[in-house]
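model27.cif follows (mmCIF, C-alpha atoms):
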```cif
data_coords
#
loop_
_atom_site.label_atom_id
_atom_site.label_comp_id
_atom_site.auth_asym_id
_atom_site.auth_seq_id
_atom_site.Cartn_x
_atom_site.Cartn_y
_atom_site.Cartn_z
CA MET A 1 45.19 -105.75 -72.74
CA THR A 2 42.21 -105.45 -70.38
CA GLY A 3 39.12 -107.60 -70.45
CA SER A 4 37.18 -104.91 -72.33
CA ASP A 5 39.88 -104.78 -75.05
CA ILE A 6 39.66 -108.49 -75.91
CA PRO A 7 37.61 -109.14 -79.09
CA SER A 8 34.64 -111.42 -78.49
CA SER A 9 35.56 -113.83 -81.27
CA PHE A 10 38.42 -115.01 -83.47
CA ARG A 11 37.91 -116.25 -87.03
CA LEU A 12 40.26 -118.99 -88.23
CA ALA A 13 40.24 -120.10 -91.85
CA TYR A 14 41.51 -123.55 -92.80
CA VAL A 15 41.99 -125.41 -96.06
CA PRO A 16 41.05 -129.01 -96.97
CA GLY A 17 43.38 -131.57 -95.45
CA VAL A 18 44.35 -129.39 -92.50
CA THR A 19 42.88 -130.45 -89.16
CA PRO A 20 42.88 -127.62 -86.58
CA THR A 21 41.10 -129.65 -83.85
CA LYS A 22 43.95 -129.91 -81.33
CA TRP A 23 44.75 -126.19 -81.55
CA VAL A 24 41.09 -125.23 -81.24
CA ARG A 25 40.84 -127.36 -78.08
CA VAL A 26 43.79 -125.54 -76.49
CA TRP A 27 42.25 -122.20 -77.50
CA HIS A 28 39.02 -123.01 -75.64
CA GLU A 29 41.04 -124.02 -72.57
CA ARG A 30 43.07 -120.79 -72.52
CA LEU A 31 40.49 -118.28 -73.74
CA PRO A 32 37.12 -119.70 -72.71
CA HIS A 33 35.40 -116.32 -73.07
CA THR A 34 36.66 -115.68 -76.64
CA SER A 35 34.90 -117.85 -79.18
CA LEU A 36 36.81 -119.30 -82.13
CA GLU A 37 34.90 -119.47 -85.42
CA LEU A 38 36.19 -121.87 -88.08
CA VAL A 39 35.92 -120.74 -91.70
CA GLN A 40 36.52 -123.39 -94.37
CA ALA A 41 38.06 -122.25 -97.65
CA THR A 42 39.77 -123.86 -100.62
CA ALA A 43 43.53 -123.50 -100.93
CA ALA A 44 43.01 -121.00 -103.75
CA GLU A 45 40.41 -118.95 -101.83
CA ALA A 46 42.18 -118.75 -98.45
CA PRO A 47 44.77 -116.00 -99.22
CA GLY A 48 42.11 -113.68 -100.63
CA LEU A 49 39.82 -114.40 -97.70
CA LEU A 50 42.55 -113.34 -95.26
CA ALA A 51 43.57 -110.28 -97.27
CA GLY A 52 39.94 -109.15 -97.46
CA GLY A 53 39.34 -109.46 -93.72
CA GLY A 54 37.14 -112.55 -93.97
CA ALA A 55 39.23 -114.24 -91.26
CA ASP A 56 41.73 -113.09 -88.63
CA ALA A 57 44.21 -115.87 -89.44
CA GLY A 58 44.28 -119.04 -91.48
CA LEU A 59 45.92 -122.43 -91.84
CA VAL A 60 46.89 -122.24 -95.51
CA ARG A 61 49.16 -123.83 -98.07
CA LEU A 62 52.27 -121.98 -99.20
CA PRO A 63 53.20 -119.97 -101.12
CA VAL A 64 51.33 -116.78 -100.22
CA ASP A 65 52.01 -113.17 -101.19
CA ARG A 66 54.36 -111.99 -98.42
CA ASP A 67 53.68 -108.34 -99.30
CA VAL A 68 50.08 -108.87 -98.21
CA LEU A 69 50.20 -111.74 -95.72
CA SER A 70 52.53 -112.80 -92.94
CA ALA A 71 53.14 -116.52 -92.60
CA ILE A 72 54.81 -118.99 -90.27
CA PRO A 73 55.51 -122.41 -91.87
CA LEU A 74 54.21 -125.20 -89.62
CA TYR A 75 54.97 -128.47 -91.39
CA THR A 76 55.63 -130.12 -94.76
CA GLU A 77 53.41 -132.90 -96.05
CA THR A 78 54.50 -136.06 -97.80
CA THR A 79 53.20 -136.43 -101.34
CA VAL A 80 51.52 -139.73 -102.18
CA VAL A 81 50.10 -141.37 -105.29
CA VAL A 82 46.47 -142.49 -105.01
CA ILE A 83 45.92 -145.80 -106.80
CA PRO A 84 43.34 -148.63 -106.93
CA LYS A 85 43.89 -151.39 -104.37
CA ASP A 86 44.64 -153.90 -107.12
CA HIS A 87 47.30 -151.68 -108.76
CA VAL A 88 50.73 -153.27 -109.22
CA ALA A 89 52.35 -150.41 -107.24
CA THR A 90 50.70 -151.60 -104.03
CA ALA A 91 53.42 -154.26 -103.81
CA ALA A 92 55.98 -151.55 -102.95
CA GLU A 93 56.24 -149.40 -99.81
CA GLU A 94 56.91 -146.29 -101.91
CA VAL A 95 56.88 -145.27 -105.55
CA SER A 96 59.22 -143.05 -107.59
CA LEU A 97 58.12 -140.61 -110.28
CA ALA A 98 60.01 -142.66 -112.86
CA GLU A 99 57.82 -145.65 -112.05
CA LEU A 100 54.78 -143.59 -113.00
CA SER A 101 56.08 -142.67 -116.46
CA ASP A 102 53.65 -145.01 -118.25
CA GLU A 103 50.67 -144.05 -116.09
CA ILE A 104 48.02 -141.45 -116.89
CA VAL A 105 48.61 -138.98 -114.08
CA LEU A 106 45.57 -136.81 -113.40
CA HIS A 107 46.25 -133.12 -112.90
CA PRO A 108 43.16 -131.40 -111.42
CA LEU A 109 42.67 -127.65 -111.76
CA ASP A 110 43.02 -127.26 -107.97
CA ASP A 111 46.32 -129.17 -107.86
CA LEU A 112 48.48 -128.09 -104.90
CA LEU A 113 51.90 -129.29 -106.05
CA ASP A 114 54.45 -127.07 -107.76
CA TRP A 115 55.48 -129.15 -110.77
CA GLU A 116 58.37 -128.21 -113.01
CA THR A 117 57.59 -131.17 -115.25
CA LEU A 118 54.39 -133.16 -114.92
CA PRO A 119 55.02 -136.89 -114.42
CA GLY A 120 53.48 -139.68 -116.47
CA ARG A 121 51.10 -139.21 -119.39
CA PRO A 122 48.46 -136.46 -119.34
CA ALA A 123 44.74 -137.21 -119.35
CA VAL A 124 42.57 -135.99 -122.21
CA GLU A 125 40.97 -133.43 -119.89
CA ARG A 126 41.94 -132.00 -116.54
CA PRO A 127 39.47 -132.77 -113.72
CA ALA A 128 37.95 -129.68 -112.13
CA THR A 129 38.71 -130.71 -108.55
CA THR A 130 40.70 -133.21 -106.54
CA ALA A 131 37.43 -134.90 -105.57
CA ASP A 132 36.63 -135.38 -109.27
CA ALA A 133 40.11 -136.82 -109.86
CA ILE A 134 39.61 -139.31 -107.02
CA GLU A 135 36.45 -140.57 -108.76
CA LEU A 136 38.44 -141.06 -111.97
CA VAL A 137 41.12 -143.02 -110.12
CA ALA A 138 38.40 -145.28 -108.73
CA ALA A 139 37.09 -145.73 -112.27
CA GLY A 140 40.53 -146.88 -113.44
CA VAL A 141 41.18 -143.81 -115.63
CA GLY A 142 44.53 -142.88 -114.06
CA VAL A 143 46.42 -142.14 -110.83
CA LEU A 144 46.67 -138.97 -108.75
CA LEU A 145 49.47 -137.31 -106.76
CA VAL A 146 48.33 -135.28 -103.74
CA PRO A 147 49.49 -134.29 -100.22
CA GLN A 148 48.89 -137.22 -97.87
CA SER A 149 46.21 -135.38 -95.87
CA LEU A 150 44.07 -135.07 -99.02
CA ALA A 151 44.43 -138.77 -99.74
CA ARG A 152 43.10 -139.40 -96.23
CA LEU A 153 40.34 -136.81 -96.64
CA HIS A 154 39.08 -138.49 -99.84
CA HIS A 155 39.52 -142.03 -98.54
CA ARG A 156 37.66 -144.80 -100.33
CA LYS A 157 37.62 -148.52 -99.60
CA ASP A 158 38.63 -149.36 -103.14
CA LEU A 159 41.64 -147.00 -103.18
CA THR A 160 44.95 -146.79 -101.35
CA TYR A 161 48.11 -144.68 -101.63
CA ARG A 162 51.89 -144.90 -101.51
CA PRO A 163 54.52 -142.21 -100.69
CA VAL A 164 56.40 -140.64 -103.62
CA PRO A 165 59.67 -139.31 -102.06
CA ASP A 166 60.93 -137.46 -105.16
CA ALA A 167 57.69 -135.55 -105.81
CA PRO A 168 57.20 -131.88 -104.85
CA GLU A 169 55.81 -131.39 -101.35
CA SER A 170 53.14 -129.11 -99.92
CA ARG A 171 53.86 -126.82 -96.95
CA VAL A 172 51.20 -125.74 -94.47
CA ALA A 173 51.52 -122.40 -92.69
CA LEU A 174 49.71 -120.13 -90.28
CA SER A 175 49.03 -116.87 -92.08
CA TRP A 176 47.40 -113.51 -91.28
CA PRO A 177 47.15 -110.04 -92.85
CA GLU A 178 50.44 -108.13 -92.83
CA ALA A 179 50.53 -105.41 -90.14
CA GLU A 180 53.14 -103.42 -88.21
CA VAL A 181 51.86 -104.91 -84.96
CA THR A 182 50.50 -108.45 -84.85
CA PRO A 183 47.02 -108.49 -83.25
CA ASP A 184 46.90 -109.91 -79.74
CA LEU A 185 44.60 -112.82 -80.59
CA VAL A 186 46.80 -113.78 -83.54
CA GLU A 187 49.75 -113.81 -81.12
CA GLU A 188 47.68 -116.09 -78.88
CA PHE A 189 47.13 -118.54 -81.72
CA ILE A 190 50.78 -118.37 -82.78
CA GLY A 191 51.69 -119.34 -79.23
CA ILE A 192 49.29 -122.28 -79.34
CA VAL A 193 50.50 -123.74 -82.65
CA ARG A 194 54.12 -123.30 -81.55
CA GLY A 195 53.48 -125.09 -78.28
CA ARG A 196 54.14 -122.17 -75.96
CA THR A 197 52.89 -122.60 -72.42
CA VAL A 198 50.22 -120.35 -70.99
CA ASN A 199 52.91 -118.54 -68.95
CA SER A 200 55.09 -117.68 -71.94
CA THR A 201 55.88 -114.01 -72.51
CA ARG A 202 54.15 -114.09 -75.90
CA GLY A 203 51.01 -116.01 -76.64
CA ARG A 204 49.77 -115.61 -73.07
CA ALA A 205 46.11 -115.40 -72.31
CA ALA A 206 45.08 -111.94 -71.20
CA THR A 207 44.96 -111.50 -67.42
CA PRO A 208 41.54 -110.21 -66.29
CA PRO A 209 41.48 -106.99 -64.24
CA ARG A 210 41.60 -107.47 -60.47
CA PRO A 211 38.39 -106.76 -58.55
CA ALA A 212 38.24 -103.38 -56.79
CA LYS A 213 37.87 -105.02 -53.37
CA ASP A 214 41.22 -106.83 -53.85
CA LYS A 215 42.89 -103.53 -54.74
CA ALA A 216 41.44 -101.95 -51.57
CA LYS A 217 42.83 -104.79 -49.45
CA ASP A 218 46.28 -104.28 -50.98
CA LYS A 219 46.15 -100.55 -50.19
CA ALA A 220 45.19 -101.27 -46.59
CA LYS A 221 48.07 -103.74 -46.24
CA ALA A 222 50.49 -101.19 -47.70
CA LYS A 223 49.41 -98.59 -45.12
CA ARG A 224 49.84 -101.00 -42.24
CA GLY A 225 53.27 -102.02 -43.50
CA GLY A 226 54.42 -98.47 -44.35
CA ALA A 227 57.04 -96.34 -42.59
CA GLY A 228 56.13 -95.61 -38.98
CA GLY A 229 53.56 -98.37 -38.84
CA GLY A 230 55.92 -101.30 -38.42
CA SER A 231 55.76 -104.41 -40.50
CA GLY A 232 54.92 -106.87 -37.75
CA ALA A 233 57.99 -108.97 -38.66
CA ARG A 234 61.13 -108.67 -36.58
CA GLN A 235 64.10 -107.17 -38.33
CA LYS A 236 67.37 -109.03 -38.32
CA PRO A 237 70.24 -107.23 -36.59
CA ALA A 238 72.70 -105.53 -38.89
CA ALA A 239 75.71 -107.58 -39.86
CA GLY A 240 78.48 -107.42 -37.26
CA ARG A 241 76.21 -106.00 -34.59
CA LYS A 242 74.78 -108.05 -31.73
CA PRO A 243 71.49 -107.10 -30.11
CA GLN A 244 71.67 -105.98 -26.49
CA ALA A 245 70.38 -108.53 -24.02
CA GLY A 246 66.95 -107.58 -22.74
CA GLY A 247 67.01 -104.40 -24.84
CA ARG A 248 66.04 -103.32 -28.34
CA SER A 249 67.85 -103.66 -31.63
CA GLY A 250 67.26 -101.62 -34.77
CA GLY A 251 64.13 -100.03 -33.32
CA GLN A 252 62.33 -103.39 -32.88
CA SER A 253 61.33 -105.04 -29.64
CA GLY A 254 63.92 -107.49 -28.37
CA LYS A 255 63.48 -110.53 -26.18
CA ARG A 256 62.84 -109.65 -22.59
CA GLY A 257 65.23 -111.01 -19.97
CA LYS A 258 64.06 -112.86 -16.88
CA PRO A 259 63.19 -110.59 -13.90
CA ARG A 260 65.76 -110.60 -11.15
CA GLY A 261 64.83 -112.04 -7.81
CA ARG A 262 64.04 -109.52 -5.06
#
```
In structure tokens, write the structure found in this file.
Amino acid sequence: MTGSDIPSSFRLAYVPGVTPTKWVRVWHERLPHTSLELVQATAAEAPGLLAGGGADAGLVRLPVDRDVLSAIPLYTETTVVVIPKDHVATAAEEVSLAELSDEIVLHPLDDLLDWETLPGRPAVERPATTADAIELVAAGVGVLLVPQSLARLHHRKDLTYRPVPDAPESRVALSWPEAEVTPDLVEEFIGIVRGRTVNSTRGRAATPPRPAKDKAKDKAKAKRGGAGGGSGARQKPAAGRKPQAGGRSGGQSGKRGKPRGR
């Protein structure tokens, strides 16, 4: 891919709780002339945004429609329960779902966890968003189970959280529109998130074309070093053959002997 073939920008979508900062920093180091535009989207919006061409790739939450989008799982998040700081569960390092059976467990409409059976007791109404549910937890209405990154995102001084090991987990993936050939800049970003070095076969920054003057120098060197011109470096004698003293070997100048006295 030549310099003129490289798109001028790359659009990366990301969902709440995902922090792309470290990967964006590496991108700017490797492709300083190709800008990276961040596009924020909700977990529900992100797949449609990618499928519709609103972003070149995205850091999304699984599952996604694999007939429409390609995806590489990156990591799995721990699920935590968000509780007031004076809640009895703060005495433990982690909480089980069974221990929440008597709690009102809020289930917002944008919930990210794949529940077979909802834990605890349901609230009278479902909050519209996770942010709304956090406000209800602070008001003492109930508790909330979310991926740990969202608990950090919605941090409040009056709330804390504890891991819930037996709860469903949320997986984060890098996703992009399905295609027979993965676009070059998507390959670049795949290489970055997978930790490939800049010299890896895939995910390598495009090499800019060499200046014409350098190509001319190479041609001139090739002519000087071509057949009949000599390379300037002495050839080694063929194996098993000794050079003649004071003579030539293999067509190259040998070492001259000392002149004889007259």
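Evaluating the PyMOL selection byres ((chain A and resi 93) around 12) against the shown model yields Val80, Val81, Val88, Ala89, Thr90, Ala91, Ala92, Glu94, Val95, Ser96, Thr160, Tyr161, Arg162, Pro163, Val164 and Pro165 of chain A.
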Checklist line | Contact residues around Leu112 in chain A with only C-alpha atoms at 8 Å, ignoring same-chain residues under 6 positions, as an MDAnalysis selection string | finding: chainID A and resid 43 146:147 170
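Of the listed residues (A:Val137, A:Leu49, A:Ala57, A:Leu38), A:Ala57 comes nearest to Ala71 in chain A; the distances count all atoms listed in the file.
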Margin query: List the spatial neighbours of Gly52 in chain A as a list of chain:residue names - criterion: any atom at most 12 Å away, all atoms listed in the file, same-chain residues fewer than 5 positions off excluded.
Written below: A:Glu45, A:Ala46, A:Pro47, A:Ala57, A:Val68, A:Leu69, A:Trp176, A:Pro177, A:Glu178
Next item on the list: Please provide as a PyMOL selection string all residues within 9 Å of His33 in chain A, with the sequence filter that same-chain residues fewer than 3 positions apart are discarded (counting all atoms listed in the file).
Entry: chain A and resi 8-9+28+30
Next item on the list: I need the residue set behind the PyMOL selection byres ((chain A and resi 149) around 8) for this file; please write it as a PyMOL selection string.
Entry: chain A and resi 17-18+77+147-148+150-153
Check: Just how far from CA of Trp27 in chain A is CA of Arg171 in chain A, in Å to one decimal?
Finding: 23.1 Å
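CA of Pro183 in chain A is positioned 8.8 Å from CA of Asp56 in chain A.
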Note to self: For this structure, which residues satisfy the selection - the PyMOL selection byres ((chain A and resi 99-108) around 8) - when it is evaluated on the file as given? I want them as a VMD selection string.
What the structure shows: chain A and resid 95 to 98 109 to 111 119 to 123 126 to 130 132 to 133 141 to 145
Go ahead and write the residues just picked, C-alpha atoms, as a tab-separated table (two decimals), in the frame of the given file.
```
chain	number	residue	atom	x	y	z
A	95	VAL	CA	56.88	-145.27	-105.55
A	96	SER	CA	59.22	-143.05	-107.59
A	97	LEU	CA	58.12	-140.61	-110.28
A	98	ALA	CA	60.01	-142.66	-112.86
A	109	LEU	CA	42.67	-127.65	-111.76
A	110	ASP	CA	43.02	-127.26	-107.97
A	111	ASP	CA	46.32	-129.17	-107.86
A	119	PRO	CA	55.02	-136.89	-114.42
A	120	GLY	CA	53.48	-139.68	-116.47
A	121	ARG	CA	51.10	-139.21	-119.39
A	122	PRO	CA	48.46	-136.46	-119.34
A	123	ALA	CA	44.74	-137.21	-119.35
A	126	ARG	CA	41.94	-132.00	-116.54
A	127	PRO	CA	39.47	-132.77	-113.72
A	128	ALA	CA	37.95	-129.68	-112.13
A	129	THR	CA	38.71	-130.71	-108.55
A	130	THR	CA	40.70	-133.21	-106.54
A	132	ASP	CA	36.63	-135.38	-109.27
A	133	ALA	CA	40.11	-136.82	-109.86
A	141	VAL	CA	41.18	-143.81	-115.63
A	142	GLY	CA	44.53	-142.88	-114.06
A	143	VAL	CA	46.42	-142.14	-110.83
A	144	LEU	CA	46.67	-138.97	-108.75
A	145	LEU	CA	49.47	-137.31	-106.76
```
Note to self: I want to know what sits within 10 Å of Asp114 in chain A, based on only C-alpha atoms, with residues of the same chain fewer than 5 positions away left out; could you give that as a PyMOL selection string?
What the structure shows: chain A and resi 63+167-170
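Note that the spacing between CA of Gly195 in chain A and CA of Ser70 in chain A amounts to 19.2 Å.
The smallest atom-to-atom distance between Glu37 in chain A and any of A:Leu74, A:Val24, A:Arg11, A:Pro16, using only C-alpha atoms, is found for A:Arg11.
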Please enclose the listed atoms of range 79-89 of chain A in an axis-aligned box, pad each side by 3 Å, and write out the centre and the three edge lengths in Å, rounded to one decimal, as JSON.
```
{"center_x": 48.3, "center_y": -145.2, "center_z": -105.3, "size_x": 15.9, "size_y": 23.5, "size_z": 13.9}
```
